[in-house]
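*Asks:* File target-v2.cif follows (mmCIF, C-alpha atoms):
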```
data_start
#
loop_
_atom_site.group_PDB
_atom_site.id
_atom_site.type_symbol
_atom_site.label_atom_id
_atom_site.label_comp_id
_atom_site.auth_asym_id
_atom_site.auth_seq_id
_atom_site.Cartn_x
_atom_site.Cartn_y
_atom_site.Cartn_z
ATOM 1 C CA MET O 1 51.790 22.566 -10.821
ATOM 2 C CA ASP O 2 49.319 22.576 -13.631
ATOM 3 C CA GLY O 3 46.815 19.704 -13.751
ATOM 4 C CA TYR O 4 46.920 17.142 -10.946
ATOM 5 C CA SER O 5 45.056 14.120 -9.615
ATOM 6 C CA ALA O 6 44.846 12.363 -6.266
ATOM 7 C CA ASP O 7 45.056 8.615 -6.920
ATOM 8 C CA LEU O 8 45.966 6.828 -3.664
ATOM 9 C CA VAL O 9 45.682 7.287 0.105
ATOM 10 C CA SER O 10 48.105 5.515 2.460
ATOM 11 C CA ASP O 11 47.098 4.044 5.831
ATOM 12 C CA SER O 12 48.794 7.061 7.446
ATOM 13 C CA GLY O 13 46.600 9.455 5.430
ATOM 14 C CA ASP O 14 49.161 10.679 2.905
ATOM 15 C CA ILE O 15 47.659 11.342 -0.521
ATOM 16 C CA VAL O 16 49.625 10.296 -3.601
ATOM 17 C CA GLY O 17 48.882 11.427 -7.113
ATOM 18 C CA THR O 18 50.298 12.841 -10.294
ATOM 19 C CA ALA O 19 50.716 16.398 -11.512
ATOM 20 C CA SER O 20 51.938 18.151 -14.599
ATOM 21 C CA VAL O 21 55.083 20.073 -13.693
ATOM 22 C CA ASP O 22 56.937 21.908 -16.471
ATOM 23 C CA LEU O 23 54.975 19.849 -19.049
ATOM 24 C CA LYS O 24 56.096 16.538 -17.502
ATOM 25 C CA SER O 25 54.089 14.083 -15.416
ATOM 26 C CA ARG O 26 55.396 13.879 -11.841
ATOM 27 C CA VAL O 27 54.427 11.922 -8.730
ATOM 28 C CA VAL O 28 53.235 14.177 -5.893
ATOM 29 C CA VAL O 29 52.693 13.413 -2.197
ATOM 30 C CA TRP O 30 50.432 15.536 0.004
ATOM 31 C CA PRO O 31 51.506 14.500 3.548
ATOM 32 C CA ALA O 32 48.775 14.041 6.152
ATOM 33 C CA GLY O 33 51.039 15.531 8.835
ATOM 34 C CA ALA O 34 51.518 18.818 6.940
ATOM 35 C CA PRO O 35 48.163 19.940 5.495
ATOM 36 C CA GLY O 36 48.396 22.401 2.631
ATOM 37 C CA THR O 37 51.871 21.247 1.596
ATOM 38 C CA TYR O 38 53.103 18.810 -1.016
ATOM 39 C CA ARG O 39 56.334 17.402 -2.328
ATOM 40 C CA VAL O 40 57.148 16.458 -5.890
ATOM 41 C CA LEU O 41 59.082 13.198 -6.138
ATOM 42 C CA PRO O 42 61.844 12.769 -8.691
ATOM 43 C CA THR O 43 59.942 10.869 -11.359
ATOM 44 C CA ARG O 44 61.208 8.625 -14.125
ATOM 45 C CA ASP O 45 60.890 10.196 -17.571
ATOM 46 C CA VAL O 46 58.331 7.839 -19.087
ATOM 47 C CA LYS O 47 55.394 8.298 -21.432
ATOM 48 C CA TYR O 48 53.018 6.437 -19.148
ATOM 49 C CA LEU O 49 52.928 6.075 -15.362
ATOM 50 C CA HIS O 50 49.934 4.560 -13.563
ATOM 51 C CA LEU O 51 50.051 4.592 -9.756
ATOM 52 C CA GLN O 52 48.865 1.264 -8.306
ATOM 53 C CA ASP O 53 49.274 1.279 -4.513
ATOM 54 C CA VAL O 54 51.068 2.836 -1.516
ATOM 55 C CA ASP O 55 51.946 1.169 1.800
ATOM 56 C CA ARG O 56 51.982 2.698 5.273
ATOM 57 C CA GLN O 57 55.740 3.382 5.073
ATOM 58 C CA GLY O 58 55.269 5.463 1.903
ATOM 59 C CA ARG O 59 56.471 2.990 -0.730
ATOM 60 C CA ILE O 60 54.653 3.590 -4.003
ATOM 61 C CA ILE O 61 54.239 1.098 -6.821
ATOM 62 C CA ALA O 62 53.455 2.081 -10.386
ATOM 63 C CA GLN O 63 53.203 0.613 -13.844
ATOM 64 C CA GLY O 64 55.332 2.476 -16.361
ATOM 65 C CA ASP O 65 55.478 2.220 -20.127
ATOM 66 C CA SER O 66 57.167 -0.686 -21.899
ATOM 67 C CA SER O 67 60.596 0.946 -21.480
ATOM 68 C CA VAL O 68 60.533 0.350 -17.689
ATOM 69 C CA GLY O 69 57.564 -1.857 -16.701
ATOM 70 C CA GLY O 70 56.816 -2.028 -12.976
ATOM 71 C CA LEU O 71 58.384 0.489 -10.573
ATOM 72 C CA VAL O 72 58.748 0.835 -6.794
ATOM 73 C CA TRP O 73 59.421 4.123 -4.974
ATOM 74 C CA ASP O 74 61.295 2.905 -1.900
ATOM 75 C CA THR O 75 61.739 4.637 1.460
ATOM 76 C CA ASP O 76 65.309 5.584 0.483
ATOM 77 C CA GLY O 77 63.905 8.009 -2.106
ATOM 78 C CA ARG O 78 64.703 6.031 -5.265
ATOM 79 C CA TRP O 79 62.663 4.415 -8.020
ATOM 80 C CA ARG O 80 63.554 0.822 -8.791
ATOM 81 C CA GLU O 81 62.426 -1.377 -11.665
ATOM 82 C CA LEU O 82 60.875 -4.747 -10.876
ATOM 83 C CA ALA O 83 62.985 -7.682 -12.016
ATOM 84 C CA SER O 84 61.549 -10.075 -14.616
ATOM 85 C CA ASN O 85 59.248 -7.598 -16.390
ATOM 86 C CA GLY O 86 56.422 -7.573 -13.866
ATOM 87 C CA THR O 87 53.248 -5.619 -13.222
ATOM 88 C CA PRO O 88 52.827 -4.627 -9.551
ATOM 89 C CA TRP O 89 49.335 -4.659 -8.037
ATOM 90 C CA ALA O 90 49.832 -4.297 -4.272
ATOM 91 C CA VAL O 91 52.497 -3.299 -1.734
ATOM 92 C CA ARG O 92 52.488 -3.875 2.021
ATOM 93 C CA ASP O 93 55.368 -3.471 4.459
ATOM 94 C CA GLY O 94 57.946 -3.670 1.670
ATOM 95 C CA ARG O 95 56.455 -6.705 -0.102
ATOM 96 C CA VAL O 96 55.289 -6.140 -3.664
ATOM 97 C CA VAL O 97 52.990 -8.578 -5.474
ATOM 98 C CA GLY O 98 51.672 -8.716 -9.013
ATOM 99 C CA GLY O 99 52.098 -10.740 -12.153
ATOM 100 C CA LEU O 100 54.785 -11.479 -14.695
ATOM 101 C CA ASN O 101 54.128 -9.959 -18.101
ATOM 102 C CA ASP O 102 55.891 -12.662 -20.118
ATOM 103 C CA THR O 103 54.195 -15.663 -18.502
ATOM 104 C CA SER O 104 50.993 -16.346 -16.635
ATOM 105 C CA ALA O 105 52.380 -16.428 -13.113
ATOM 106 C CA ALA O 106 51.850 -14.492 -9.922
ATOM 107 C CA ALA O 107 55.007 -12.938 -8.508
ATOM 108 C CA GLU O 108 56.409 -11.376 -5.355
ATOM 109 C CA TRP O 109 59.253 -8.842 -5.137
ATOM 110 C CA THR O 110 61.112 -6.956 -2.439
ATOM 111 C CA ALA O 111 60.794 -3.165 -2.246
ATOM 112 C CA ARG O 112 64.150 -3.041 -4.047
ATOM 113 C CA GLY O 113 62.591 -4.805 -7.059
ATOM 114 C CA THR O 114 64.282 -8.181 -6.519
ATOM 115 C CA LEU O 115 62.119 -11.157 -7.512
ATOM 116 C CA VAL O 116 61.444 -13.349 -4.446
ATOM 117 C CA ARG O 117 59.218 -16.026 -5.981
ATOM 118 C CA THR O 118 56.761 -16.855 -8.692
ATOM 119 C CA THR O 119 53.661 -18.907 -8.119
ATOM 120 C CA GLY O 120 52.675 -21.166 -10.979
ATOM 121 C CA SER O 121 50.014 -23.884 -10.683
ATOM 122 C CA GLY O 122 47.588 -21.799 -12.709
ATOM 123 C CA ALA O 123 48.222 -18.583 -10.725
ATOM 124 C CA LEU O 124 47.669 -15.546 -12.946
ATOM 125 C CA ASP O 125 48.377 -12.614 -10.671
ATOM 126 C CA ALA O 126 48.651 -11.486 -7.067
ATOM 127 C CA THR O 127 46.508 -8.449 -6.299
ATOM 128 C CA ALA O 128 46.479 -8.095 -2.501
ATOM 129 C CA ILE O 129 48.556 -8.756 0.627
ATOM 130 C CA GLY O 130 47.068 -9.368 4.064
ATOM 131 C CA GLY O 131 48.546 -8.169 7.343
ATOM 132 C CA ASN O 132 50.001 -11.584 8.186
ATOM 133 C CA GLY O 133 51.579 -12.256 4.789
ATOM 134 C CA THR O 134 48.807 -14.085 2.958
ATOM 135 C CA VAL O 135 48.691 -13.139 -0.718
ATOM 136 C CA GLY O 136 45.431 -12.924 -2.649
ATOM 137 C CA GLY O 137 44.962 -13.106 -6.369
ATOM 138 C CA HIS O 138 43.550 -15.206 -9.156
ATOM 139 C CA ARG O 139 44.270 -18.552 -10.746
ATOM 140 C CA PHE O 140 42.749 -20.899 -13.272
ATOM 141 C CA VAL O 141 40.680 -23.800 -11.935
ATOM 142 C CA ASN O 142 39.278 -26.034 -14.675
ATOM 143 C CA SER O 143 39.732 -23.243 -17.244
ATOM 144 C CA GLN O 144 37.856 -20.757 -15.032
ATOM 145 C CA ARG O 145 39.482 -17.694 -13.467
ATOM 146 C CA ARG O 146 38.907 -17.808 -9.695
ATOM 147 C CA PRO O 147 40.041 -15.827 -6.627
ATOM 148 C CA VAL O 148 42.505 -17.606 -4.320
ATOM 149 C CA LEU O 149 44.699 -17.056 -1.243
ATOM 150 C CA TRP O 150 48.209 -18.473 -0.795
ATOM 151 C CA ARG O 151 51.163 -18.351 1.581
ATOM 152 C CA ASN O 152 54.781 -18.832 0.530
ATOM 153 C CA GLY O 153 53.655 -19.787 -2.968
ATOM 154 C CA VAL O 154 51.263 -22.550 -1.813
ATOM 155 C CA VAL O 155 47.452 -22.299 -1.945
ATOM 156 C CA SER O 156 46.139 -21.855 1.602
ATOM 157 C CA ASP O 157 42.478 -21.192 0.740
ATOM 158 C CA PRO O 158 40.923 -21.846 -2.687
ATOM 159 C CA LEU O 159 38.007 -19.533 -1.764
ATOM 160 C CA SER O 160 35.601 -22.102 -3.180
ATOM 161 C CA THR O 161 32.614 -20.362 -1.536
ATOM 162 C CA VAL O 162 33.416 -17.034 -3.224
ATOM 163 C CA PRO O 163 31.940 -16.629 -6.743
ATOM 164 C CA ALA O 164 34.324 -17.036 -9.676
ATOM 165 C CA GLY O 165 33.444 -13.556 -10.974
ATOM 166 C CA PHE O 166 34.831 -11.857 -7.856
ATOM 167 C CA ALA O 167 37.976 -9.790 -8.626
ATOM 168 C CA LEU O 168 39.992 -9.599 -5.391
ATOM 169 C CA ASP O 169 41.588 -6.185 -4.750
ATOM 170 C CA TRP O 170 42.280 -5.967 -0.998
ATOM 171 C CA LEU O 171 42.782 -8.119 2.127
ATOM 172 C CA SER O 172 42.291 -6.817 5.658
ATOM 173 C CA ASP O 173 45.045 -6.798 8.284
ATOM 174 C CA ASP O 174 43.501 -9.867 9.957
ATOM 175 C CA GLU O 175 43.053 -11.508 6.511
ATOM 176 C CA ARG O 176 39.374 -12.249 7.167
ATOM 177 C CA THR O 177 37.852 -9.575 4.930
ATOM 178 C CA LEU O 178 38.156 -9.638 1.136
ATOM 179 C CA VAL O 179 37.227 -6.562 -0.885
ATOM 180 C CA GLY O 180 36.894 -6.415 -4.635
ATOM 181 C CA VAL O 181 34.523 -6.116 -7.558
ATOM 182 C CA GLU O 182 31.829 -8.494 -8.745
ATOM 183 C CA SER O 183 29.415 -7.745 -11.592
ATOM 184 C CA ARG O 184 30.943 -4.228 -11.747
ATOM 185 C CA ARG O 185 29.970 -3.503 -8.123
ATOM 186 C CA PRO O 186 32.125 -3.220 -4.985
ATOM 187 C CA VAL O 187 31.753 -6.345 -2.840
ATOM 188 C CA GLU O 188 33.061 -7.460 0.543
ATOM 189 C CA TYR O 189 33.311 -11.046 1.758
ATOM 190 C CA ASP O 190 33.977 -12.175 5.317
ATOM 191 C CA CYS O 191 36.076 -15.334 5.506
ATOM 192 C CA GLY O 192 35.643 -15.698 9.257
#
```
Can I see the file as structure tokens?
*Replies:*
Amino acid sequence: MDGYSADLVSDSGDIVGTASVDLKSRVVVWPAGAPGTYRVLPTRDVKYLHLQDVDRQGRIIAQGDSSVGGLVWDTDGRWRELASNGTPWAVRDGRVVGGLNDTSAAAEWTARGTLVRTTGSGALDATAIGGNGTVGGHRFVNSQRRPVLWRNGVVSDPLSTVPAGFALDWLSDDERTLVGVESRRPVEYDCG
């Protein structure tokens, strides 16, 4: 391996990143259970690959160049493209959420890349998944981009007490803690 970067850490402690191997960009996993070792995953031959998230089972989501779009590395050791030209933002327990590139709609896929649902009603993207299945993201409310939580495609909490400028990136297992960025600073909100 030539140059490399560590981009993500799973709940189990595995580190996921990219490395230059034989002049090609490859995805690399440094397993927590085997310090000092790594494995190079078979990686799609694309010009651009940005790692987005990894779940506790080891599924990795990435945004590729326009030739492939969103990708999921599933537990069966294969990359799959997301249906409907989507951008993945978060993965948890085999559920992938993000946004559709061709329309302004949040979307949810299986780990195999199959589109499960889209969420319209002003929803722009889905950026986080809580431990009980709540999805967090952003939608338009009166022409203003705002954070929001929904379940099964229906708004469950409009987060009206959270400032509009908050960019939601993560939900806790109990779905009470929101983590993101506001005014270019990391911020945490407790919804309990």
*Asks:* Could you list, as a PDB file with C-alpha atoms, in the coordinates of the input, every residue within 7 Å of Pro88 (chain O), counting only C-alpha atoms and ignoring same-chain residues fewer than 2 positions away?
*Replies:*
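So around_0.pdb came out as:
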```pdb
ATOM      1  CA  ILE O  61      54.239   1.098  -6.821  1.00  0.00           C
ATOM      2  CA  ALA O  62      53.455   2.081 -10.386  1.00  0.00           C
ATOM      3  CA  GLN O  63      53.203   0.613 -13.844  1.00  0.00           C
ATOM      4  CA  GLY O  70      56.816  -2.028 -12.976  1.00  0.00           C
ATOM      5  CA  GLY O  86      56.422  -7.573 -13.866  1.00  0.00           C
ATOM      6  CA  ALA O  90      49.832  -4.297  -4.272  1.00  0.00           C
ATOM      7  CA  VAL O  96      55.289  -6.140  -3.664  1.00  0.00           C
ATOM      8  CA  VAL O  97      52.990  -8.578  -5.474  1.00  0.00           C
ATOM      9  CA  GLY O  98      51.672  -8.716  -9.013  1.00  0.00           C
ATOM     10  CA  GLY O  99      52.098 -10.740 -12.153  1.00  0.00           C
TER      11      GLY O  99
END
```
*Asks:* For the structure shown, which residues end up in the PyMOL selection byres ((chain O and resi 177) around 7)? Put them as an mmCIF file with C-alpha atoms, keeping the file's coordinate frame, please?
*Replies:*
```
data_model
loop_
_atom_site.group_PDB
_atom_site.id
_atom_site.type_symbol
_atom_site.label_atom_id
_atom_site.label_comp_id
_atom_site.auth_asym_id
_atom_site.auth_seq_id
_atom_site.Cartn_x
_atom_site.Cartn_y
_atom_site.Cartn_z
ATOM 1 C CA LEU O 171 42.782 -8.119 2.127
ATOM 2 C CA SER O 172 42.291 -6.817 5.658
ATOM 3 C CA GLU O 175 43.053 -11.508 6.511
ATOM 4 C CA ARG O 176 39.374 -12.249 7.167
ATOM 5 C CA LEU O 178 38.156 -9.638 1.136
ATOM 6 C CA VAL O 179 37.227 -6.562 -0.885
ATOM 7 C CA GLU O 188 33.061 -7.460 0.543
ATOM 8 C CA TYR O 189 33.311 -11.046 1.758
ATOM 9 C CA ASP O 190 33.977 -12.175 5.317
ATOM 10 C CA CYS O 191 36.076 -15.334 5.506
#
```
*Asks:* So, counting all atoms listed in the file, which residue among O:Ser12, O:Thr87, O:Ser121, O:Ser67 is closest to Trp109 (chain O)?
*Replies:*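 Looking only at the distances to Trp109 (chain O), the closest residue turns out to be O:Thr87.
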*Asks:* I need the residue set behind the PyMOL selection byres ((chain O and resi 166) around 7) for this file; please write it as a list in words.
*Replies:*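 That selection, the PyMOL selection byres ((chain O and resi 166) around 7), comes back as Pro147, Pro163, Ala164, Gly165, Ala167, Leu168, Gly180, Val181 and Glu182 of chain O.
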*Asks:* Can you spit out the residues from that selection as an mmCIF file, in the frame of the given file, using C-alpha atoms?
*Replies:*
```
data_model
loop_
_atom_site.group_PDB
_atom_site.id
_atom_site.type_symbol
_atom_site.label_atom_id
_atom_site.label_comp_id
_atom_site.auth_asym_id
_atom_site.auth_seq_id
_atom_site.Cartn_x
_atom_site.Cartn_y
_atom_site.Cartn_z
ATOM 1 C CA PRO O 147 40.041 -15.827 -6.627
ATOM 2 C CA PRO O 163 31.940 -16.629 -6.743
ATOM 3 C CA ALA O 164 34.324 -17.036 -9.676
ATOM 4 C CA GLY O 165 33.444 -13.556 -10.974
ATOM 5 C CA ALA O 167 37.976 -9.790 -8.626
ATOM 6 C CA LEU O 168 39.992 -9.599 -5.391
ATOM 7 C CA GLY O 180 36.894 -6.415 -4.635
ATOM 8 C CA VAL O 181 34.523 -6.116 -7.558
ATOM 9 C CA GLU O 182 31.829 -8.494 -8.745
#
```
*Asks:* Which residues are close to Val9 (chain O), i.e. within 10 Å by all atoms listed in the file, leaving aside same-chain residues fewer than 4 positions away? Reply as a ChimeraX atom specification.
*Replies:* /O:13-17,29-32,53-56,58
*Asks:* When the PyMOL selection byres ((chain O and resi 73) around 12) is applied to the file above, which residues end up in the set, as a PDB file with C-alpha atoms, in the coordinates of the input?
*Replies:*
```pdb
ATOM      1  CA  VAL O  16      49.625  10.296  -3.601  1.00  0.00           C
ATOM      2  CA  VAL O  27      54.427  11.922  -8.730  1.00  0.00           C
ATOM      3  CA  VAL O  28      53.235  14.177  -5.893  1.00  0.00           C
ATOM      4  CA  VAL O  29      52.693  13.413  -2.197  1.00  0.00           C
ATOM      5  CA  LEU O  41      59.082  13.198  -6.138  1.00  0.00           C
ATOM      6  CA  PRO O  42      61.844  12.769  -8.691  1.00  0.00           C
ATOM      7  CA  THR O  43      59.942  10.869 -11.359  1.00  0.00           C
ATOM      8  CA  ARG O  44      61.208   8.625 -14.125  1.00  0.00           C
ATOM      9  CA  LEU O  51      50.051   4.592  -9.756  1.00  0.00           C
ATOM     10  CA  GLN O  52      48.865   1.264  -8.306  1.00  0.00           C
ATOM     11  CA  ASP O  53      49.274   1.279  -4.513  1.00  0.00           C
ATOM     12  CA  VAL O  54      51.068   2.836  -1.516  1.00  0.00           C
ATOM     13  CA  ASP O  55      51.946   1.169   1.800  1.00  0.00           C
ATOM     14  CA  GLN O  57      55.740   3.382   5.073  1.00  0.00           C
ATOM     15  CA  GLY O  58      55.269   5.463   1.903  1.00  0.00           C
ATOM     16  CA  ARG O  59      56.471   2.990  -0.730  1.00  0.00           C
ATOM     17  CA  ILE O  60      54.653   3.590  -4.003  1.00  0.00           C
ATOM     18  CA  ILE O  61      54.239   1.098  -6.821  1.00  0.00           C
ATOM     19  CA  ALA O  62      53.455   2.081 -10.386  1.00  0.00           C
ATOM     20  CA  GLN O  63      53.203   0.613 -13.844  1.00  0.00           C
ATOM     21  CA  GLY O  70      56.816  -2.028 -12.976  1.00  0.00           C
ATOM     22  CA  LEU O  71      58.384   0.489 -10.573  1.00  0.00           C
ATOM     23  CA  VAL O  72      58.748   0.835  -6.794  1.00  0.00           C
ATOM     24  CA  ASP O  74      61.295   2.905  -1.900  1.00  0.00           C
ATOM     25  CA  THR O  75      61.739   4.637   1.460  1.00  0.00           C
ATOM     26  CA  ASP O  76      65.309   5.584   0.483  1.00  0.00           C
ATOM     27  CA  GLY O  77      63.905   8.009  -2.106  1.00  0.00           C
ATOM     28  CA  ARG O  78      64.703   6.031  -5.265  1.00  0.00           C
ATOM     29  CA  TRP O  79      62.663   4.415  -8.020  1.00  0.00           C
ATOM     30  CA  ARG O  80      63.554   0.822  -8.791  1.00  0.00           C
ATOM     31  CA  GLU O  81      62.426  -1.377 -11.665  1.00  0.00           C
ATOM     32  CA  LEU O  82      60.875  -4.747 -10.876  1.00  0.00           C
ATOM     33  CA  PRO O  88      52.827  -4.627  -9.551  1.00  0.00           C
ATOM     34  CA  VAL O  91      52.497  -3.299  -1.734  1.00  0.00           C
ATOM     35  CA  GLY O  94      57.946  -3.670   1.670  1.00  0.00           C
ATOM     36  CA  VAL O  96      55.289  -6.140  -3.664  1.00  0.00           C
ATOM     37  CA  THR O 110      61.112  -6.956  -2.439  1.00  0.00           C
ATOM     38  CA  ALA O 111      60.794  -3.165  -2.246  1.00  0.00           C
ATOM     39  CA  ARG O 112      64.150  -3.041  -4.047  1.00  0.00           C
ATOM     40  CA  GLY O 113      62.591  -4.805  -7.059  1.00  0.00           C
TER      41      GLY O 113
END
```
*Asks:* Using all atoms listed in the file, which residue out of O:Val68, O:Leu115, O:Leu149, O:Ala19 lies closest to Ser84 (chain O)?
*Replies:* O:Leu115
*Asks:* With distances taken over all atoms listed in the file, which of O:Gly33, O:Gly131, O:Gly64, O:Gly137 is nearest to Val155 (chain O)?
*Replies:* O:Gly137
*Asks:* Which value, in Å to one decimal, gives the distance between CA of Val40 (chain O) and CA of Ala6 (chain O)?
*Replies:* 13.0 Å
*Asks:* Just to confirm, what's the straight-line distance from CA of Gly136 (chain O) to CA of Ala106 (chain O) in Å (one decimal)?
*Replies:*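 Distance between the two atoms: 9.8 Å.
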*Asks:* Please, can region 165-187 of chain O be completed to N, CA, C and O atoms and returned as a PDB file, keeping the file's coordinate frame?
*Replies:*
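The resulting file, selection30.pdb, is shown below:
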```
ATOM      1  N   GLY O 165      33.398 -14.886 -10.381  1.00  0.00           N
ATOM      2  CA  GLY O 165      33.444 -13.556 -10.974  1.00  0.00           C
ATOM      3  C   GLY O 165      33.973 -12.468 -10.058  1.00  0.00           C
ATOM      4  O   GLY O 165      34.074 -11.305 -10.454  1.00  0.00           O
ATOM      5  N   PHE O 166      34.327 -12.830  -8.822  1.00  0.00           N
ATOM      6  CA  PHE O 166      34.831 -11.857  -7.856  1.00  0.00           C
ATOM      7  C   PHE O 166      36.290 -11.532  -8.179  1.00  0.00           C
ATOM      8  O   PHE O 166      37.133 -12.417  -8.253  1.00  0.00           O
ATOM      9  N   ALA O 167      36.606 -10.249  -8.380  1.00  0.00           N
ATOM     10  CA  ALA O 167      37.976  -9.790  -8.626  1.00  0.00           C
ATOM     11  C   ALA O 167      38.517  -9.233  -7.319  1.00  0.00           C
ATOM     12  O   ALA O 167      38.100  -8.163  -6.861  1.00  0.00           O
ATOM     13  N   LEU O 168      39.437  -9.945  -6.696  1.00  0.00           N
ATOM     14  CA  LEU O 168      39.992  -9.599  -5.391  1.00  0.00           C
ATOM     15  C   LEU O 168      40.970  -8.437  -5.513  1.00  0.00           C
ATOM     16  O   LEU O 168      41.912  -8.493  -6.290  1.00  0.00           O
ATOM     17  N   ASP O 169      40.731  -7.374  -4.713  1.00  0.00           N
ATOM     18  CA  ASP O 169      41.588  -6.185  -4.750  1.00  0.00           C
ATOM     19  C   ASP O 169      42.280  -5.881  -3.428  1.00  0.00           C
ATOM     20  O   ASP O 169      43.281  -5.173  -3.415  1.00  0.00           O
ATOM     21  N   TRP O 170      41.740  -6.369  -2.295  1.00  0.00           N
ATOM     22  CA  TRP O 170      42.280  -5.967  -0.998  1.00  0.00           C
ATOM     23  C   TRP O 170      41.981  -7.028   0.040  1.00  0.00           C
ATOM     24  O   TRP O 170      40.910  -7.634   0.040  1.00  0.00           O
ATOM     25  N   LEU O 171      42.943  -7.236   0.968  1.00  0.00           N
ATOM     26  CA  LEU O 171      42.782  -8.119   2.127  1.00  0.00           C
ATOM     27  C   LEU O 171      42.973  -7.294   3.389  1.00  0.00           C
ATOM     28  O   LEU O 171      43.878  -6.460   3.457  1.00  0.00           O
ATOM     29  N   SER O 172      42.168  -7.551   4.397  1.00  0.00           N
ATOM     30  CA  SER O 172      42.291  -6.817   5.658  1.00  0.00           C
ATOM     31  C   SER O 172      43.543  -7.250   6.423  1.00  0.00           C
ATOM     32  O   SER O 172      44.167  -8.263   6.100  1.00  0.00           O
ATOM     33  N   ASP O 173      43.888  -6.471   7.445  1.00  0.00           N
ATOM     34  CA  ASP O 173      45.045  -6.798   8.284  1.00  0.00           C
ATOM     35  C   ASP O 173      44.917  -8.192   8.883  1.00  0.00           C
ATOM     36  O   ASP O 173      45.882  -8.941   8.950  1.00  0.00           O
ATOM     37  N   ASP O 174      43.697  -8.546   9.345  1.00  0.00           N
ATOM     38  CA  ASP O 174      43.501  -9.867   9.957  1.00  0.00           C
ATOM     39  C   ASP O 174      43.228 -10.959   8.920  1.00  0.00           C
ATOM     40  O   ASP O 174      43.016 -12.115   9.273  1.00  0.00           O
ATOM     41  N   GLU O 175      43.216 -10.591   7.647  1.00  0.00           N
ATOM     42  CA  GLU O 175      43.053 -11.508   6.511  1.00  0.00           C
ATOM     43  C   GLU O 175      41.714 -12.233   6.512  1.00  0.00           C
ATOM     44  O   GLU O 175      41.562 -13.288   5.921  1.00  0.00           O
ATOM     45  N   ARG O 176      40.707 -11.645   7.149  1.00  0.00           N
ATOM     46  CA  ARG O 176      39.374 -12.249   7.167  1.00  0.00           C
ATOM     47  C   ARG O 176      38.414 -11.554   6.221  1.00  0.00           C
ATOM     48  O   ARG O 176      37.373 -12.102   5.892  1.00  0.00           O
ATOM     49  N   THR O 177      38.737 -10.332   5.805  1.00  0.00           N
ATOM     50  CA  THR O 177      37.852  -9.575   4.930  1.00  0.00           C
ATOM     51  C   THR O 177      38.492  -9.427   3.556  1.00  0.00           C
ATOM     52  O   THR O 177      39.636  -8.990   3.441  1.00  0.00           O
ATOM     53  N   LEU O 178      37.736  -9.790   2.529  1.00  0.00           N
ATOM     54  CA  LEU O 178      38.156  -9.638   1.136  1.00  0.00           C
ATOM     55  C   LEU O 178      37.318  -8.533   0.518  1.00  0.00           C
ATOM     56  O   LEU O 178      36.106  -8.500   0.701  1.00  0.00           O
ATOM     57  N   VAL O 179      37.950  -7.634  -0.206  1.00  0.00           N
ATOM     58  CA  VAL O 179      37.227  -6.562  -0.885  1.00  0.00           C
ATOM     59  C   VAL O 179      37.615  -6.603  -2.351  1.00  0.00           C
ATOM     60  O   VAL O 179      38.775  -6.825  -2.699  1.00  0.00           O
ATOM     61  N   GLY O 180      36.630  -6.407  -3.203  1.00  0.00           N
ATOM     62  CA  GLY O 180      36.894  -6.415  -4.635  1.00  0.00           C
ATOM     63  C   GLY O 180      35.676  -5.995  -5.422  1.00  0.00           C
ATOM     64  O   GLY O 180      34.809  -5.276  -4.914  1.00  0.00           O
ATOM     65  N   VAL O 181      35.606  -6.481  -6.643  1.00  0.00           N
ATOM     66  CA  VAL O 181      34.523  -6.116  -7.558  1.00  0.00           C
ATOM     67  C   VAL O 181      33.894  -7.395  -8.106  1.00  0.00           C
ATOM     68  O   VAL O 181      34.601  -8.344  -8.456  1.00  0.00           O
ATOM     69  N   GLU O 182      32.578  -7.375  -8.164  1.00  0.00           N
ATOM     70  CA  GLU O 182      31.829  -8.494  -8.745  1.00  0.00           C
ATOM     71  C   GLU O 182      30.646  -7.900  -9.504  1.00  0.00           C
ATOM     72  O   GLU O 182      29.919  -7.069  -8.971  1.00  0.00           O
ATOM     73  N   SER O 183      30.481  -8.297 -10.740  1.00  0.00           N
ATOM     74  CA  SER O 183      29.415  -7.745 -11.592  1.00  0.00           C
ATOM     75  C   SER O 183      29.456  -6.221 -11.608  1.00  0.00           C
ATOM     76  O   SER O 183      28.441  -5.551 -11.512  1.00  0.00           O
ATOM     77  N   ARG O 184      30.676  -5.665 -11.665  1.00  0.00           N
ATOM     78  CA  ARG O 184      30.943  -4.228 -11.747  1.00  0.00           C
ATOM     79  C   ARG O 184      30.453  -3.446 -10.531  1.00  0.00           C
ATOM     80  O   ARG O 184      30.171  -2.259 -10.604  1.00  0.00           O
ATOM     81  N   ARG O 185      30.369  -4.136  -9.382  1.00  0.00           N
ATOM     82  CA  ARG O 185      29.970  -3.503  -8.123  1.00  0.00           C
ATOM     83  C   ARG O 185      30.985  -3.839  -7.037  1.00  0.00           C
ATOM     84  O   ARG O 185      31.491  -4.957  -6.985  1.00  0.00           O
ATOM     85  N   PRO O 186      31.241  -2.903  -6.111  1.00  0.00           N
ATOM     86  CA  PRO O 186      32.125  -3.220  -4.985  1.00  0.00           C
ATOM     87  C   PRO O 186      31.463  -4.274  -4.093  1.00  0.00           C
ATOM     88  O   PRO O 186      30.265  -4.202  -3.838  1.00  0.00           O
ATOM     89  N   VAL O 187      32.263  -5.249  -3.659  1.00  0.00           N
ATOM     90  CA  VAL O 187      31.753  -6.345  -2.840  1.00  0.00           C
ATOM     91  C   VAL O 187      32.758  -6.648  -1.731  1.00  0.00           C
ATOM     92  O   VAL O 187      33.956  -6.536  -1.931  1.00  0.00           O
TER      93      VAL O 187
END
```
